[in-house]
>>> print(open('target13.cif').read())   # mmCIF, C-alpha atoms and all ligand atoms
data_data
loop_
_atom_site.label_atom_id
_atom_site.label_comp_id
_atom_site.auth_asym_id
_atom_site.auth_seq_id
_atom_site.Cartn_x
_atom_site.Cartn_y
_atom_site.Cartn_z
CA MET A 19 -13.54 12.05 -4.08
CA ARG A 20 -10.17 12.45 -2.41
CA VAL A 21 -8.06 9.32 -2.67
CA VAL A 22 -5.06 9.15 -0.34
CA SER A 23 -2.78 6.19 0.20
CA GLY A 24 0.74 5.46 1.31
CA ILE A 25 3.05 2.63 0.39
CA GLN A 26 6.18 1.62 2.22
CA PRO A 27 9.34 2.05 0.19
CA THR A 28 10.47 -1.51 0.64
CA GLY A 29 13.02 -3.09 -1.61
CA LYS A 30 12.04 -5.15 -4.62
CA PRO A 31 8.29 -4.75 -5.03
CA HIS A 32 6.60 -8.04 -5.88
CA LEU A 33 3.47 -9.35 -7.51
CA GLY A 34 1.56 -9.09 -4.22
CA ASN A 35 2.26 -5.35 -4.03
CA TYR A 36 1.26 -4.95 -7.65
CA LEU A 37 -2.03 -6.87 -7.63
CA GLY A 38 -2.92 -6.01 -4.03
CA ALA A 39 -2.25 -2.28 -4.09
CA ILE A 40 -0.67 -0.69 -7.14
CA VAL A 41 -3.24 -1.69 -9.79
CA ASN A 42 -5.92 -0.21 -7.55
CA TYR A 43 -4.08 3.08 -7.35
CA VAL A 44 -4.14 3.21 -11.12
CA LYS A 45 -7.87 2.50 -11.23
CA LEU A 46 -8.66 5.03 -8.52
CA GLN A 47 -6.49 7.69 -10.09
CA ASP A 48 -8.57 7.44 -13.25
CA GLU A 49 -11.84 7.36 -11.33
CA ALA A 50 -10.87 10.39 -9.28
CA GLU A 51 -9.94 12.23 -12.45
CA ALA A 52 -13.23 11.34 -14.12
CA GLN A 53 -15.15 12.68 -11.11
CA GLY A 54 -13.13 15.86 -10.76
CA GLY A 55 -11.58 14.50 -7.54
CA GLU A 56 -7.95 14.12 -6.59
CA CYS A 57 -5.55 11.30 -5.91
CA PHE A 58 -2.54 11.45 -3.56
CA ILE A 59 -0.10 8.56 -3.44
CA PHE A 60 3.01 8.83 -1.31
CA LEU A 61 6.01 6.81 -0.24
CA ALA A 62 5.77 6.34 3.51
CA ASP A 63 9.45 7.00 4.11
CA LEU A 64 8.87 8.58 7.53
CA HIS A 65 7.14 5.38 8.62
CA ALA A 66 10.31 3.47 7.76
CA LEU A 67 11.98 4.99 10.83
CA SER A 68 9.78 2.86 13.05
CA MET A 69 11.98 -0.18 12.40
CA THR A 70 15.73 -0.56 12.25
CA HIS A 71 16.73 0.61 8.81
CA ASP A 72 19.72 1.33 6.64
CA PRO A 73 19.67 4.99 5.52
CA ALA A 74 21.31 4.39 2.14
CA GLU A 75 18.90 1.57 1.46
CA LEU A 76 15.93 3.75 2.36
CA THR A 77 17.03 6.40 -0.14
CA ARG A 78 17.48 3.79 -2.85
CA ASN A 79 14.21 2.03 -2.07
CA THR A 80 12.29 5.30 -2.13
CA ARG A 81 13.52 6.10 -5.65
CA GLU A 82 12.96 2.53 -6.81
CA MET A 83 9.42 2.49 -5.50
CA VAL A 84 8.63 5.71 -7.37
CA ALA A 85 10.04 4.14 -10.53
CA THR A 86 7.91 1.06 -9.88
CA LEU A 87 4.71 3.02 -9.33
CA VAL A 88 5.20 5.03 -12.49
CA ALA A 89 6.17 1.91 -14.46
CA CYS A 90 2.95 0.26 -13.29
CA GLY A 91 0.81 3.15 -14.49
CA VAL A 92 0.60 5.69 -11.67
CA ASP A 93 0.73 8.88 -13.71
CA PRO A 94 2.42 11.81 -11.96
CA SER A 95 0.45 14.24 -14.06
CA LYS A 96 -2.83 12.84 -12.71
CA THR A 97 -1.75 11.73 -9.23
CA VAL A 98 0.05 13.81 -6.64
CA LEU A 99 2.97 11.40 -6.21
CA PHE A 100 5.48 12.27 -3.48
CA ASN A 101 7.41 11.13 -0.43
CA GLN A 102 6.41 12.14 3.09
CA ALA A 103 9.85 13.44 4.03
CA GLN A 104 9.51 16.32 1.57
CA VAL A 105 6.21 17.43 3.07
CA PRO A 106 6.87 18.48 6.68
CA ALA A 107 3.14 18.96 7.26
CA HIS A 108 2.85 15.17 7.80
CA ALA A 109 5.19 15.25 10.78
CA GLU A 110 3.69 18.48 12.08
CA MET A 111 0.17 17.14 11.86
CA GLN A 112 1.23 13.98 13.64
CA TRP A 113 2.46 16.02 16.58
CA LEU A 114 -0.79 17.97 16.71
CA LEU A 115 -2.74 14.69 16.69
CA ASN A 116 -0.54 13.15 19.38
CA GLY A 117 -2.48 15.34 21.79
CA THR A 118 -5.73 13.68 20.74
CA ALA A 119 -4.74 10.03 20.23
CA ARG A 120 -4.98 7.94 23.41
CA MET A 121 -2.41 5.42 24.67
CA GLY A 122 -5.16 2.85 25.08
CA TRP A 123 -6.14 3.14 21.42
CA LEU A 124 -2.58 2.58 20.25
CA ASN A 125 -2.08 -0.27 22.70
CA ARG A 126 -4.91 -2.14 20.99
CA MET A 127 -3.39 -1.98 17.50
CA THR A 128 -2.73 -5.51 16.30
CA GLN A 129 0.15 -4.42 14.08
CA TRP A 130 1.89 -2.93 17.13
CA LYS A 131 1.27 -6.11 19.12
CA ASP A 132 2.50 -8.33 16.28
CA LYS A 133 5.59 -6.31 15.50
CA ALA A 134 6.58 -5.65 19.10
CA GLY A 135 5.94 -9.21 20.23
CA LYS A 136 7.19 -9.83 23.74
CA ASN A 137 9.67 -6.99 23.57
CA ARG A 138 7.53 -3.87 23.79
CA GLU A 139 10.01 -2.03 25.97
CA GLY A 140 12.68 -2.37 23.34
CA GLN A 141 10.65 -0.91 20.46
CA SER A 142 11.01 2.55 19.05
CA VAL A 143 8.47 5.16 20.08
CA ALA A 144 7.88 5.58 16.33
CA LEU A 145 6.59 2.01 16.04
CA PHE A 146 4.04 2.75 18.76
CA THR A 147 2.90 6.06 17.28
CA TYR A 148 3.05 4.80 13.69
CA PRO A 149 -0.77 4.82 13.38
CA VAL A 150 -0.92 8.48 14.46
CA LEU A 151 1.38 9.41 11.58
CA GLN A 152 -0.83 7.35 9.31
CA ALA A 153 -3.86 9.28 10.58
CA ALA A 154 -2.02 12.54 9.90
CA ASP A 155 -1.26 11.33 6.36
CA VAL A 156 -4.90 11.02 5.45
CA LEU A 157 -6.50 13.73 7.60
CA LEU A 158 -4.11 16.35 6.21
CA TYR A 159 -5.70 15.99 2.77
CA GLN A 160 -9.30 15.46 3.93
CA ALA A 161 -9.23 11.97 2.39
CA THR A 162 -12.54 10.33 1.56
CA HIS A 163 -11.21 7.06 0.10
CA VAL A 164 -8.15 5.34 1.48
CA PRO A 165 -7.27 2.23 -0.52
CA VAL A 166 -5.61 -0.24 1.85
CA GLY A 167 -5.36 -3.94 2.48
CA GLU A 168 -7.39 -5.71 5.18
CA ASP A 169 -4.43 -5.46 7.55
CA GLN A 170 -4.64 -1.66 7.58
CA LYS A 171 -8.35 -1.38 8.36
CA GLN A 172 -7.74 -1.02 12.05
CA HIS A 173 -5.35 1.88 11.47
CA LEU A 174 -8.00 3.62 9.41
CA GLU A 175 -10.57 3.14 12.14
CA LEU A 176 -8.12 4.76 14.51
CA ALA A 177 -7.75 7.69 12.10
CA ARG A 178 -11.53 8.10 12.20
CA ASP A 179 -11.52 8.00 16.01
CA ILE A 180 -8.79 10.63 16.14
CA ALA A 181 -10.61 12.83 13.63
CA GLN A 182 -13.87 12.48 15.53
CA LYS A 183 -12.36 13.31 18.89
CA PHE A 184 -10.46 16.27 17.49
CA ASN A 185 -13.62 17.59 15.84
CA ASN A 186 -15.56 17.12 19.10
CA ASP A 187 -12.93 18.64 21.34
CA PHE A 188 -11.77 21.57 19.25
CA CYS A 189 -14.33 22.47 16.60
CA ASP A 190 -17.82 23.91 16.51
CA GLU A 191 -20.39 21.23 15.95
CA ASP A 192 -21.41 22.69 12.62
CA ALA A 193 -17.83 23.18 11.42
CA PRO A 194 -15.81 20.00 11.99
CA LEU A 195 -12.26 20.30 10.70
CA PHE A 196 -11.53 16.75 9.64
CA THR A 197 -13.35 14.58 7.13
CA LEU A 198 -13.76 11.04 8.46
CA PRO A 199 -11.80 8.81 6.08
CA GLU A 200 -13.19 5.51 4.80
CA PRO A 201 -10.99 2.50 4.27
CA PHE A 202 -11.52 1.49 0.69
CA ILE A 203 -10.89 -2.16 0.04
CA PRO A 204 -11.57 -2.57 -3.65
CA PRO A 205 -13.62 -5.67 -4.39
CA SER A 206 -11.06 -6.62 -7.00
CA ALA A 207 -8.07 -6.31 -4.63
CA ALA A 208 -6.29 -9.60 -4.88
CA ARG A 209 -4.70 -11.17 -1.85
CA ILE A 210 -1.68 -12.88 -3.33
CA MET A 211 -0.15 -15.69 -1.33
CA SER A 212 3.34 -17.19 -1.25
CA LEU A 213 4.18 -19.58 -4.09
CA ARG A 214 5.63 -21.95 -1.49
CA ASP A 215 2.73 -21.84 0.98
CA GLY A 216 -0.78 -20.90 -0.04
CA THR A 217 -1.71 -19.94 3.51
CA SER A 218 0.80 -17.13 4.02
CA LYS A 219 0.90 -13.80 2.22
CA MET A 220 3.46 -13.18 -0.52
CA SER A 221 6.01 -11.12 1.34
CA LYS A 222 9.39 -9.56 0.85
CA SER A 223 10.44 -10.87 4.25
CA ASP A 224 10.04 -14.52 3.25
CA PRO A 225 13.59 -15.89 3.12
CA SER A 226 12.85 -17.87 -0.04
CA GLU A 227 13.09 -15.97 -3.33
CA MET A 228 10.99 -18.77 -4.82
CA SER A 229 8.03 -17.68 -2.70
CA ARG A 230 7.47 -14.46 -4.64
CA ILE A 231 7.65 -13.02 -8.11
CA SER A 232 9.53 -9.77 -8.15
CA LEU A 233 8.33 -7.17 -10.63
CA THR A 234 11.86 -7.13 -12.00
CA ASP A 235 12.26 -10.88 -12.51
CA ASP A 236 13.18 -11.75 -16.09
CA PRO A 237 10.90 -14.07 -18.10
CA ASP A 238 12.99 -17.20 -17.44
CA THR A 239 12.94 -16.59 -13.71
CA VAL A 240 9.18 -15.97 -13.75
CA MET A 241 8.60 -19.22 -15.64
CA LYS A 242 10.88 -21.15 -13.34
CA LYS A 243 9.19 -19.81 -10.19
CA VAL A 244 5.72 -20.60 -11.51
CA LYS A 245 6.71 -24.11 -12.55
CA LYS A 246 8.25 -24.76 -9.14
CA ALA A 247 5.30 -23.28 -7.26
CA LYS A 248 3.85 -25.65 -4.68
CA THR A 249 0.67 -27.40 -5.82
CA ASP A 250 -1.23 -30.57 -5.14
CA PRO A 251 -1.48 -33.51 -7.55
CA GLU A 252 -5.17 -33.00 -8.46
CA PRO A 253 -6.26 -31.33 -11.70
CA LEU A 254 -8.04 -27.96 -11.47
CA PRO A 255 -11.71 -28.16 -10.55
CA SER A 256 -14.33 -26.66 -12.86
CA GLU A 257 -15.97 -24.66 -10.09
CA GLU A 258 -14.75 -22.46 -7.28
CA ALA A 259 -16.12 -24.70 -4.55
CA GLY A 260 -13.51 -27.24 -5.63
CA LEU A 261 -10.72 -24.90 -4.50
CA GLU A 262 -11.68 -25.12 -0.87
CA ASP A 263 -8.88 -26.72 1.16
CA ARG A 264 -6.55 -26.25 -1.82
CA PRO A 265 -4.88 -22.94 -0.92
CA GLU A 266 -2.05 -23.27 -3.45
CA ALA A 267 -4.38 -24.05 -6.34
CA ARG A 268 -6.65 -21.21 -5.28
CA ASN A 269 -3.72 -18.80 -5.20
CA LEU A 270 -2.56 -19.66 -8.73
CA VAL A 271 -6.09 -19.37 -10.08
CA GLY A 272 -6.46 -16.05 -8.22
CA ILE A 273 -3.27 -14.70 -9.77
CA TYR A 274 -4.39 -15.75 -13.23
CA ALA A 275 -7.79 -14.14 -12.67
CA ALA A 276 -6.34 -10.86 -11.35
CA LEU A 277 -3.92 -10.58 -14.27
CA THR A 278 -6.51 -11.24 -16.95
CA GLY A 279 -9.38 -9.35 -15.31
CA LYS A 280 -11.50 -12.50 -15.26
CA THR A 281 -13.30 -13.93 -12.27
CA PRO A 282 -11.84 -17.11 -10.72
CA ALA A 283 -15.07 -18.87 -11.77
CA LYS A 284 -14.45 -17.93 -15.38
CA VAL A 285 -10.82 -19.06 -15.21
CA LEU A 286 -11.99 -22.41 -13.87
CA SER A 287 -14.64 -22.74 -16.53
CA GLU A 288 -11.85 -22.40 -19.09
CA HIS A 289 -9.11 -24.38 -17.35
CA GLY A 290 -11.03 -26.86 -15.17
CA GLY A 291 -9.83 -30.40 -15.67
CA GLN A 292 -6.33 -29.24 -16.60
CA GLY A 293 -3.41 -30.47 -14.55
CA PHE A 294 -0.80 -28.02 -13.31
CA GLY A 295 1.54 -29.26 -16.03
CA ALA A 296 -0.70 -27.37 -18.45
CA PHE A 297 -2.00 -24.55 -16.24
CA LYS A 298 1.35 -23.37 -14.92
CA PRO A 299 2.85 -22.55 -18.32
CA ALA A 300 -0.35 -20.69 -19.23
CA LEU A 301 -0.09 -18.68 -16.01
CA GLY A 302 3.61 -18.06 -16.62
CA GLU A 303 2.84 -16.62 -20.03
CA VAL A 304 0.23 -14.23 -18.70
CA LEU A 305 2.67 -13.11 -16.03
CA VAL A 306 5.47 -12.52 -18.50
CA GLU A 307 3.12 -10.58 -20.75
CA THR A 308 2.13 -8.29 -17.87
CA LEU A 309 5.57 -7.86 -16.39
CA THR A 310 7.66 -7.34 -19.53
CA PRO A 311 6.47 -3.80 -20.32
CA ILE A 312 6.51 -2.84 -16.62
CA ASN A 313 10.05 -4.09 -16.36
CA ALA A 314 11.24 -2.19 -19.41
CA ARG A 315 9.75 1.06 -18.15
CA PHE A 316 11.13 0.46 -14.65
CA MET A 317 14.67 -0.10 -15.93
CA GLU A 318 14.53 3.04 -18.00
CA LEU A 319 13.30 5.17 -15.10
CA LYS A 320 15.55 3.64 -12.50
CA GLY A 321 18.59 4.84 -14.38
CA ASP A 322 17.27 8.38 -14.56
CA GLN A 323 17.67 9.72 -11.05
CA GLU A 324 17.09 13.26 -12.19
CA ALA A 325 13.72 12.40 -13.64
CA LEU A 326 12.71 10.52 -10.50
CA ASP A 327 13.77 13.35 -8.23
CA ALA A 328 11.88 15.80 -10.43
CA ILE A 329 8.71 13.71 -10.16
CA LEU A 330 9.04 13.68 -6.37
CA ALA A 331 9.84 17.38 -6.13
CA ARG A 332 6.84 18.32 -8.19
CA GLY A 333 4.54 16.01 -6.25
CA ALA A 334 5.84 17.34 -2.93
CA SER A 335 5.24 20.91 -3.93
CA ARG A 336 1.66 20.15 -4.90
CA ALA A 337 1.13 18.14 -1.70
CA ARG A 338 2.51 20.97 0.46
CA GLU A 339 0.13 23.37 -1.16
CA ARG A 340 -2.89 21.09 -0.75
CA GLY A 341 -2.15 20.25 2.89
CA ILE A 342 -1.50 23.75 4.21
CA PRO A 343 -5.10 24.92 4.75
CA THR A 344 -5.96 21.95 6.97
CA LEU A 345 -2.68 22.16 8.87
CA ASP A 346 -3.21 25.86 9.51
CA ALA A 347 -6.74 25.24 10.67
CA ALA A 348 -5.54 22.51 13.05
CA TYR A 349 -2.94 24.83 14.63
CA LYS A 350 -5.59 27.48 15.01
CA ALA A 351 -8.18 25.12 16.49
CA LEU A 352 -5.63 24.11 19.13
CA GLY A 353 -4.92 27.71 20.08
CA LEU A 354 -1.37 27.65 18.83
CA VAL A 355 -0.08 31.06 17.82
CA ARG A 356 1.82 30.94 14.55
CA GLY A 357 3.59 33.73 12.71
N1 LIG B 1 0.77 1.53 6.95
C1 LIG B 1 0.54 1.35 5.54
C2 LIG B 1 1.04 -0.04 5.13
O1 LIG B 1 1.89 -0.58 5.79
C3 LIG B 1 1.23 2.39 4.72
C4 LIG B 1 0.67 3.74 4.98
C5 LIG B 1 1.27 4.76 5.63
C6 LIG B 1 -0.61 4.18 4.59
N2 LIG B 1 0.47 5.84 5.66
C7 LIG B 1 -0.71 5.53 5.04
C8 LIG B 1 -1.68 3.60 3.90
C9 LIG B 1 -1.85 6.28 4.82
C10 LIG B 1 -2.84 4.34 3.69
C11 LIG B 1 -2.91 5.69 4.17
O2 LIG B 1 0.60 -0.56 4.14
#
>>> encode(input="target13.cif", output="structure tokens")
Amino acid sequence: MRVVSGIQPTGKPHLGNYLGAIVNYVKLQDEAEAQGGECFIFLADLHALSMTHDPAELTRNTREMVATLVACGVDPSKTVLFNQAQVPAHAEMQWLLNGTARMGWLNRMTQWKDKAGKNREGQSVALFTYPVLQAADVLLYQATHVPVGEDQKQHLELARDIAQKFNNDFCDEDAPLFTLPEPFIPPSAARIMSLRDGTSKMSKSDPSEMSRISLTDDPDTVMKKVKKAKTDPEPLPSEEAGLEDRPEARNLVGIYAALTGKTPAKVLSEHGGQGFGAFKPALGEVLVETLTPINARFMELKGDQEALDAILARGASRARERGIPTLDAAYKALGLVRG
């Protein structure tokens, strides 16, 4: 079991990042360890170049995201935790795969279409080839499991197509170079929605701070955001079917369930009939209980740049070592002469 996943070093990680991605990293890291496998988690800082970005902010966000991951339980002694920029093999592998990826494949990527909108000509080349770098990220380590959200499934399918074509074109049939990676969408992965609109994802790009709970919000802020969260006037139903057409109620129940490890059905069996005047404070308390220790650990780490840089340096050195055999083999398969 080789777990590989990347996370964008965006500012201010929020509850959606935590429940949707980070808690699964922690679970998979322990599973991989138990099975004698390996887990690689990296900050996708090279991917950040695909959009306009502020260099100083990228540096800061990269360190803050490492602090967040560690504060949330990603353990650098179990997981190879690093940032792409310190492992040149990612960029090298991308270039090697650029020969295999097809324009037509990239043109069909919905993320490219969504982000480019009507202005394709004005986008960076990096935005277009973003999925090839993502393929390089996972193929370099012969990933078997790639934990991602639904929105990244298509990129993973592309990585499989690239791997397959490369294996077909450049390898003996009985000795394919690349393992075909599987997107791994954990059944427990929670899709957390905005607190202001239960139909759109909790996102750092939402202009309203009230739409999301940041992992660094203090308890008063958390409580205030939960109490102001949009709801409807009905009390909670006792069964899940009653949440249909009530996206805001469903979201709050989903958050409660994800935080307590209960199923939504169980949460409703305990809280059904309650109005939001009672349920919201209960949810707020569970949130504060989860976030307080994460916050304390984050603050401690954030102030210790040396420790953060040491974590990244150590992770990068392990990643470089683990990626080299596949990179070398890819150069060789392509007939490139290297010293
Ligand atoms: N594109 C992913 C996202 O936006 C991040 C990412 C980059 C990634 N490289 C990856 C995820 C490799 C999984 C595997 O969420």
>>> closest_residue(input="target13.cif", among="A:Thr197, A:Gln182, A:Gln170, A:Gln160", to="ligand LIG 1 (chain B)", atoms="only C-alpha atoms and all ligand atoms")
A:Gln170
>>> residues_near_ligand(input="target13.cif", ligand="ligand LIG 1 (chain B)", cutoff="6 Å", atoms="only C-alpha atoms and all ligand atoms", output="list in words")
Ser23, Gly24, Ile25, Gln26, Ala62, Gln152, Asp155, Val156, Val164 and Val166 of chain A
>>> residues_around(input="target13.cif", residues="Val22 in chain A", least_positions_apart="4", cutoff="10 Å", atoms="only C-alpha atoms", output="list in words")
Tyr43, Leu46, Gln47, Glu56, Cys57, Phe58, Ile59, Phe60, Thr97, Val98, Asp155, Val156, Leu157, Leu158, Tyr159, Gln160, Ala161, Thr162, His163, Val164, Pro165, Val166 and Pro199 of chain A
>>> write_last_selection(input="target13.cif", atoms="C-alpha atoms", output="PDB file, keeping the file's coordinate frame")
ATOM      1  CA  TYR A  43      -4.080   3.080  -7.350  1.00  0.00           C
ATOM      2  CA  LEU A  46      -8.660   5.030  -8.520  1.00  0.00           C
ATOM      3  CA  GLN A  47      -6.490   7.690 -10.090  1.00  0.00           C
ATOM      4  CA  GLU A  56      -7.950  14.120  -6.590  1.00  0.00           C
ATOM      5  CA  CYS A  57      -5.550  11.300  -5.910  1.00  0.00           C
ATOM      6  CA  PHE A  58      -2.540  11.450  -3.560  1.00  0.00           C
ATOM      7  CA  ILE A  59      -0.100   8.560  -3.440  1.00  0.00           C
ATOM      8  CA  PHE A  60       3.010   8.830  -1.310  1.00  0.00           C
ATOM      9  CA  THR A  97      -1.750  11.730  -9.230  1.00  0.00           C
ATOM     10  CA  VAL A  98       0.050  13.810  -6.640  1.00  0.00           C
ATOM     11  CA  ASP A 155      -1.260  11.330   6.360  1.00  0.00           C
ATOM     12  CA  VAL A 156      -4.900  11.020   5.450  1.00  0.00           C
ATOM     13  CA  LEU A 157      -6.500  13.730   7.600  1.00  0.00           C
ATOM     14  CA  LEU A 158      -4.110  16.350   6.210  1.00  0.00           C
ATOM     15  CA  TYR A 159      -5.700  15.990   2.770  1.00  0.00           C
ATOM     16  CA  GLN A 160      -9.300  15.460   3.930  1.00  0.00           C
ATOM     17  CA  ALA A 161      -9.230  11.970   2.390  1.00  0.00           C
ATOM     18  CA  THR A 162     -12.540  10.330   1.560  1.00  0.00           C
ATOM     19  CA  HIS A 163     -11.210   7.060   0.100  1.00  0.00           C
ATOM     20  CA  VAL A 164      -8.150   5.340   1.480  1.00  0.00           C
ATOM     21  CA  PRO A 165      -7.270   2.230  -0.520  1.00  0.00           C
ATOM     22  CA  VAL A 166      -5.610  -0.240   1.850  1.00  0.00           C
ATOM     23  CA  PRO A 199     -11.800   8.810   6.080  1.00  0.00           C
TER      24      PRO A 199
END
>>> closest_residue(input="target13.cif", among="A:Asn185, A:Thr278, A:Asn101, A:Ser223", to="Gly333 in chain A", atoms="all atoms listed in the file")
A:Asn101
>>> closest_residue(input="target13.cif", among="A:Ile342, A:Leu198, A:Leu61, A:Met127", to="Arg20 in chain A", atoms="all atoms listed in the file")
A:Leu198
>>> closest_residue(input="target13.cif", among="A:Leu352, A:Ala154, A:Ala50, A:Ile203", to="Glu110 in chain A", atoms="all atoms listed in the file")
A:Ala154
>>> atom_distance(input="target13.cif", atom1="CA of Ala208 in chain A", atom2="CA of Gly38 in chain A")
5.0 Å
>>> atom_distance(input="target13.cif", atom1="CA of Ala267 in chain A", atom2="CA of Asp250 in chain A")
7.3 Å
>>> atom_distance(input="target13.cif", atom1="CA of Leu301 in chain A", atom2="CA of Asp93 in chain A")
27.7 Å
>>> closest_residue(input="target13.cif", among="A:Lys222, A:His289, A:Arg356, A:His65", to="Val143 in chain A", atoms="all atoms listed in the file")
A:His65
>>> closest_residue(input="target13.cif", among="A:Pro204, A:Gly55, A:Gly216, A:Pro149", to="Glu262 in chain A", atoms="only C-alpha atoms")
A:Gly216
>>> residues_around(input="target13.cif", residues="Leu305 in chain A", least_positions_apart="4", cutoff="10 Å", atoms="all atoms listed in the file", output="number ranges by chain")
A: 33, 231, 233, 237, 240-241, 244, 273-274, 277-278, 299-301, 309-310
>>> residues_around(input="target13.cif", residues="Leu64 in chain A", least_positions_apart="6", cutoff="9 Å", atoms="only C-alpha atoms", output="list in words")
Asn101, Gln102, Ala103, His108, Ala109 and Leu151 of chain A
>>> residues_near_point(input="target13.cif", point="(-2.5, -25.5, -2.4)", cutoff="12 Å", atoms="all atoms listed in the file", output="ChimeraX atom specification")
/A:211-218,247-254,260-272,294
>>> residues_near_point(input="target13.cif", point="(-14.4, 19.1, 11.5)", cutoff="8 Å", atoms="only C-alpha atoms", output="PDB file with C-alpha atoms, keeping the file's coordinate frame")
ATOM      1  CA  ALA A 181     -10.610  12.830  13.630  1.00  0.00           C
ATOM      2  CA  GLN A 182     -13.870  12.480  15.530  1.00  0.00           C
ATOM      3  CA  PHE A 184     -10.460  16.270  17.490  1.00  0.00           C
ATOM      4  CA  ASN A 185     -13.620  17.590  15.840  1.00  0.00           C
ATOM      5  CA  ASN A 186     -15.560  17.120  19.100  1.00  0.00           C
ATOM      6  CA  CYS A 189     -14.330  22.470  16.600  1.00  0.00           C
ATOM      7  CA  ASP A 190     -17.820  23.910  16.510  1.00  0.00           C
ATOM      8  CA  GLU A 191     -20.390  21.230  15.950  1.00  0.00           C
ATOM      9  CA  ASP A 192     -21.410  22.690  12.620  1.00  0.00           C
ATOM     10  CA  ALA A 193     -17.830  23.180  11.420  1.00  0.00           C
ATOM     11  CA  PRO A 194     -15.810  20.000  11.990  1.00  0.00           C
ATOM     12  CA  LEU A 195     -12.260  20.300  10.700  1.00  0.00           C
ATOM     13  CA  PHE A 196     -11.530  16.750   9.640  1.00  0.00           C
ATOM     14  CA  THR A 197     -13.350  14.580   7.130  1.00  0.00           C
TER      15      THR A 197
END
